[in-house]
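Colleague: Provided herewith is a single structure, encoded as structure tokens, for subsequent inquiry.
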Amino acid sequence: MNFRTIIEPFRIKSVEALKFTTREERASALVAARNNVFQLRAEDVLVDLLTDSGTGAMSSAQWGALMQGDESYAGSRSFYRFDRVVRDLTGFKHIIPTHQGRAAERILFHTVLHPGQIVPNNNHFDTTRANIEVEDAEARDLVIAAGRQPSTIHPFKGNIDTDALEALLDRDGDRVPLVMVTVTNNSGGGQPVSLQNLRGVRALCDRYKKPFFLDACRFAENAYFIKIREEGQRDRAPREIAREMFSLADGCTMSAKKDGLANIGGFLAMNSDAWAEQCRNLLILTEGFPTYGGLAGYDLEAIAQGLEEVTDEAYLRYRIRSTEYLAEKVVAAGVPIIRPAGGHAVYVDARALLPHIPPLQYPGIALVNALYVEAGVRGVEIGTVMFGQHHDGTETAGAMDLVRLAIPRRVYTQSHIDYVAEAVIAVARMGSSLRGYRITSAPKTLRHFTAEFEPLA
Ligand code: F0G
């Protein structure tokens with residue numbers, strides 16, 4: 001017999017109660033948060049889809065591993081377990097733990113970048129971009145054209161445009177210290193990158209003698225997409241595919257808060273002895289000794305265990321399917337989203353949904369705030385507020401105005417997702433009654449976290 005229903009591949013051992021609030025309570029909580037959902041108290045949120053980062057549920061095996069944590073300052077047993085697991089997965093020579101992904105980015109870029117250089121990527125995540133720009137270098141997005149069109153269906157919308165990459169290396173190669181590709185492509189809709197594309201990047205990097213780094217936060221989800229979508233990959237284990245992805249690169253940055261299935265942690269890994277030595281020196285300055293890198297011994301245990309679990313095929317089938325399930329429901333009701341669904345999130349196209357709100361009145365914020373007030377669901381704007389601010393103080397429309405509904409790993413059940421779908425559809429139907437916003441106060445960079453908003457009349 002072949003059953004259709006894909007069930008959660010776990011049972012629940014410990015639960016955390018949700019707090020129910022009224023619409024009135026949420027409306028006043030949002031005003032107190034200056035209309036920025038980053039400023040809400042999380043307990044006032046019913047279903048929190050702000051991020052899939054650090055919000056996953058650890059397994060009983062991970063909780064058990066915490067007790068095995070060796071808190072020695074130098075040479076802890078937990079580091080050697082972590083090192084062995086990461087090395088076995090990635091094959092890289094130097095494994096440098098960090099407290100999260102952006103610390104790995106900061107250490108890598110501060111070590112290797114010079115002012116005026118260019119780092120190409122499919123799409124840089126916001127912290128990646130900021131860590132490049134702070135070195136007075138340029139973060140250049142080279143995702144394929146389909147990756148910029150929300151409604152175009154393509155199996156690997158995260159692919160980097162290898163022709164554009166070749167043109168850049170040809171013209172300005174001396175200004176490119178390394179090439180990056182983000183798997184899956186978070187800023188472009190959680191879309192995967194194919195093995196064929198990664199092989200193409202490898203070939204270009206060989207030809208132009210450039211190191212190739214993966215931003216590997218969601219490597220396991222990417223590997224599963226390769227398994228189900230790329231020709232000739234169906235019979236391979238996700239772990240085997242993941243290993244091949246890493247084998248094509250010379251290093252990676254990693255946030256273990258995503259596919260490490262941990263609540264905190266990350267690492268920087270690479271083959272270059274010279275870069276690794278410089279990175280470790282900076283690590284000691286800002287993160288800690290190289291055998292803990294800003295983490296407790298028990299964090300290293302949780303990450304090691306999480307990295308063993310995350311490539312499990314039953315887990316990945318459920319993971320990718322739950323996101324697709326939410327997407328199918330909202331698409332059936334006519335809600336415009338990035339298609340196909342991403343691995344970790346559904347991205348609603350707020351610009352298409354709310355055409356009466358121009359980008360500089362932030363349609364993404366209008367949708368995020370309505371979802372919170374009407375249903376207690378917290379999503380995040382990925383659009384003009386996040387990416388429209390420039391160093392010279394000017395502002396332009398972001399490439400897209402999206403609202404990301406990111407699904408924490410192993411946290412919500414199918415009925416939570418049914419509720420979210422109902423909420424998104426109900427708010428989408430409010431359409432033209434939703435209003436735009438203006439910013440009343442904002443910092444100079446990464447404004448989306450702390451900007452204050454006021455609804456327009
Ligand atoms: N790279 C990508 C592709 C990411 O999605 C993130 C984090 C990072 C790097 C930085 O990692 O948070 O551990 O410092 N993304 C989270 C998100 C915050 O909500 O998408 P970090």
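Each chain in the structure tokens gets a letter, A, B and so on, in the order shown; residues start at 1 in every chain, and ligands are counted from 1 in the order they appear.
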So which residues are near ligand 1, meaning at most 7 Å away with only C-alpha atoms and all ligand atoms counted, given back as an NGL selection string?
Modeller: :A and (50-53 or 100-103 or 125 or 127-128 or 182 or 185-186 or 215 or 217 or 254-257 or 265-266)
Colleague: Taking the backbone alone, and naming residues the way the document does, which bits of range 267-309 of chain A are helix (DSSP H, G or I) by DSSP, as a list in words?
Modeller: Asp273, Ala274, Trp275, Ala276, Glu277, Gln278, Cys279, Arg280, Asn281, Leu282, Leu283, Ile284, Leu285, Thr286, Gly297, Tyr298, Asp299, Leu300, Glu301, Ala302, Ile303, Ala304, Gln305, Gly306, Leu307, Glu308 and Glu309 of chain A
Colleague: Quick one: distance from CA of Asn369 in chain A to CA of Ala332 in chain A in Å, one decimal?
Modeller: 23.0 Å
Colleague: Near Phe387 in chain A, counting only C-alpha atoms, which residues have an atom at most 12 Å away, once you skip same-chain residues fewer than 6 positions from it, shown as a list in words?
Modeller: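 My reading of the contact set: Asn123, His124, Phe125, Asp126, Thr127, Arg129, Ala130, Ser187, Pro359, Leu360, Tyr362, Gly364, Glu381, Thr394, Glu395, Thr396, Ala397, Gly398, Ala399, Met400, Asp401, Leu402, Thr445, Leu446, Arg447, His448 and Phe449 of chain A.
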Colleague: If you keep N, CA and C atoms, can you produce a file of those selected residues as a compact mmCIF listing (two decimals), in the first residue's frame?
Modeller:
# COMPACT_ATOMS: atom_id res chain seq x y z
N ASN A 123 22.37 35.61 -4.68
CA ASN A 123 21.90 36.78 -3.96
C ASN A 123 22.53 36.77 -2.58
N HIS A 124 23.11 37.89 -2.21
CA HIS A 124 23.67 38.01 -0.86
C HIS A 124 22.55 38.14 0.15
N PHE A 125 22.65 37.44 1.25
CA PHE A 125 21.74 37.67 2.37
C PHE A 125 22.10 39.02 2.99
N ASP A 126 21.18 39.60 3.78
CA ASP A 126 21.43 40.98 4.26
C ASP A 126 22.71 41.12 5.10
N THR A 127 22.98 40.14 5.98
CA THR A 127 24.19 40.25 6.81
C THR A 127 25.45 40.04 5.97
N ARG A 129 25.80 40.82 2.74
CA ARG A 129 25.98 42.10 2.04
C ARG A 129 26.59 43.14 2.97
N ALA A 130 26.03 43.27 4.17
CA ALA A 130 26.50 44.30 5.10
C ALA A 130 27.96 44.05 5.50
N SER A 187 17.52 35.18 -0.05
CA SER A 187 16.99 36.48 -0.48
C SER A 187 16.23 36.37 -1.80
N PRO A 359 6.07 50.91 -3.86
CA PRO A 359 7.18 50.33 -3.08
C PRO A 359 7.67 51.24 -1.95
N LEU A 360 7.72 52.54 -2.19
CA LEU A 360 8.25 53.42 -1.15
C LEU A 360 7.23 53.72 -0.05
N TYR A 362 5.94 50.81 1.18
CA TYR A 362 6.22 49.53 1.82
C TYR A 362 5.04 48.55 1.87
N GLY A 364 5.14 45.45 1.72
CA GLY A 364 5.51 44.31 2.56
C GLY A 364 5.19 44.56 4.02
N GLU A 381 9.17 41.30 6.28
CA GLU A 381 9.31 41.97 4.99
C GLU A 381 10.70 41.71 4.44
N THR A 394 20.21 57.73 0.38
CA THR A 394 19.05 57.70 -0.51
C THR A 394 18.31 56.37 -0.37
N GLU A 395 17.15 56.33 -1.00
CA GLU A 395 16.29 55.15 -0.90
C GLU A 395 15.67 54.88 -2.25
N THR A 396 15.68 53.61 -2.69
CA THR A 396 14.99 53.23 -3.92
C THR A 396 14.19 51.96 -3.64
N ALA A 397 13.28 51.62 -4.57
CA ALA A 397 12.50 50.40 -4.41
C ALA A 397 13.43 49.19 -4.42
N GLY A 398 13.17 48.21 -3.57
CA GLY A 398 13.91 46.96 -3.61
C GLY A 398 13.56 46.22 -4.90
N ALA A 399 14.36 45.18 -5.25
CA ALA A 399 14.08 44.43 -6.48
C ALA A 399 12.67 43.85 -6.43
N MET A 400 12.25 43.38 -5.25
CA MET A 400 10.90 42.83 -5.07
C MET A 400 10.42 43.30 -3.71
N ASP A 401 9.11 43.23 -3.49
CA ASP A 401 8.57 43.47 -2.15
C ASP A 401 7.87 42.21 -1.70
N LEU A 402 8.59 41.43 -0.88
CA LEU A 402 8.10 40.12 -0.48
C LEU A 402 7.80 40.09 1.01
N THR A 445 22.19 51.70 8.76
CA THR A 445 22.27 50.41 8.05
C THR A 445 21.33 49.42 8.72
N LEU A 446 21.02 48.34 7.98
CA LEU A 446 20.15 47.27 8.49
C LEU A 446 18.93 47.86 9.20
N ARG A 447 18.27 48.78 8.49
CA ARG A 447 17.19 49.53 9.14
C ARG A 447 15.97 48.70 9.48
N HIS A 448 15.81 47.55 8.79
CA HIS A 448 14.56 46.79 8.99
C HIS A 448 14.36 46.32 10.43
N PHE A 449 15.47 46.13 11.16
CA PHE A 449 15.32 45.63 12.54
C PHE A 449 14.72 46.67 13.48
Colleague: Report as number ranges by chain all protein, DNA and RNA residues lying within 12 Å of Val427 in chain A, evaluated on only C-alpha atoms, omitting residues in the same chain fewer than 3 positions from it.
Modeller: A: 330, 333, 335, 348, 350, 353-354, 366-377, 420-424, 430-434
Colleague: For range 141-158 of chain A, work out the shell of residues within 10 Å, counting only C-alpha atoms and skipping chain neighbours fewer than 6 positions away, then give it as a PDB file with C-alpha atoms, in the first residue's frame.
Modeller:
ATOM      1  CA  VAL A 119      32.110  39.572  -4.245  1.00  0.00           C
ATOM      2  CA  PRO A 120      29.680  37.900  -6.652  1.00  0.00           C
ATOM      3  CA  ASN A 121      26.881  35.666  -5.314  1.00  0.00           C
ATOM      4  CA  ASN A 122      23.493  34.493  -6.571  1.00  0.00           C
ATOM      5  CA  ASN A 123      21.895  36.785  -3.963  1.00  0.00           C
ATOM      6  CA  HIS A 124      23.666  38.006  -0.864  1.00  0.00           C
ATOM      7  CA  PHE A 125      21.740  37.668   2.367  1.00  0.00           C
ATOM      8  CA  ARG A 129      25.982  42.098   2.035  1.00  0.00           C
ATOM      9  CA  ALA A 164      27.356  37.062 -16.053  1.00  0.00           C
ATOM     10  CA  LEU A 165      29.892  35.561 -13.643  1.00  0.00           C
ATOM     11  CA  LEU A 168      32.668  39.755 -14.451  1.00  0.00           C
ATOM     12  CA  MET A 180      30.115  32.849  -3.401  1.00  0.00           C
ATOM     13  CA  VAL A 181      26.886  30.934  -3.972  1.00  0.00           C
ATOM     14  CA  THR A 182      24.111  30.771  -1.374  1.00  0.00           C
ATOM     15  CA  VAL A 183      22.302  27.423  -0.973  1.00  0.00           C
ATOM     16  CA  THR A 184      19.381  27.704  -0.861  1.00  0.00           C
ATOM     17  CA  ASN A 185      19.067  31.285  -2.078  1.00  0.00           C
ATOM     18  CA  ASN A 186      17.285  32.919   0.853  1.00  0.00           C
ATOM     19  CA  SER A 187      16.989  36.481  -0.485  1.00  0.00           C
ATOM     20  CA  GLY A 188      15.724  35.096  -3.786  1.00  0.00           C
ATOM     21  CA  GLY A 189      12.925  33.024  -2.260  1.00  0.00           C
ATOM     22  CA  GLY A 190      14.647  30.025  -0.650  1.00  0.00           C
ATOM     23  CA  GLN A 191      15.268  28.634  -4.129  1.00  0.00           C
ATOM     24  CA  PRO A 192      17.759  25.842  -4.772  1.00  0.00           C
ATOM     25  CA  VAL A 193      20.930  25.789  -6.851  1.00  0.00           C
ATOM     26  CA  SER A 194      21.566  22.774  -9.099  1.00  0.00           C
ATOM     27  CA  LEU A 195      24.660  20.587  -9.022  1.00  0.00           C
ATOM     28  CA  ASN A 197      25.260  25.149 -11.786  1.00  0.00           C
ATOM     29  CA  ASN A 222      19.231  22.329  -1.268  1.00  0.00           C
ATOM     30  CA  PHE A 225      15.759  19.673  -4.028  1.00  0.00           C
ATOM     31  CA  ILE A 226      18.629  18.365  -6.166  1.00  0.00           C
ATOM     32  CA  ILE A 228      13.939  15.353  -6.459  1.00  0.00           C
ATOM     33  CA  ARG A 229      14.459  17.853  -9.282  1.00  0.00           C
ATOM     34  CA  GLU A 230      17.793  17.255 -10.993  1.00  0.00           C
ATOM     35  CA  PRO A 336       0.639  35.662  -5.519  1.00  0.00           C
ATOM     36  CA  ILE A 337       3.815  34.026  -4.176  1.00  0.00           C
ATOM     37  CA  ILE A 338       7.267  33.200  -5.442  1.00  0.00           C
ATOM     38  CA  ARG A 339       6.859  29.947  -7.283  1.00  0.00           C
ATOM     39  CA  PRO A 340       7.748  27.260  -6.748  1.00  0.00           C
ATOM     40  CA  ALA A 341       7.749  27.319  -2.939  1.00  0.00           C
ATOM     41  CA  GLY A 342      11.131  27.757  -1.273  1.00  0.00           C
ATOM     42  CA  TYR A 347       7.356  34.282   0.005  1.00  0.00           C
ATOM     43  CA  VAL A 348       4.200  36.276  -0.679  1.00  0.00           C
ATOM     44  CA  ASP A 349       4.569  38.846  -3.457  1.00  0.00           C
ATOM     45  CA  ALA A 352       1.603  42.121  -6.728  1.00  0.00           C
ATOM     46  CA  ALA A 399      14.084  44.429  -6.475  1.00  0.00           C
ATOM     47  CA  MET A 400      10.904  42.835  -5.068  1.00  0.00           C
ATOM     48  CA  LEU A 402       8.099  40.121  -0.477  1.00  0.00           C
TER      49      LEU A 402
END
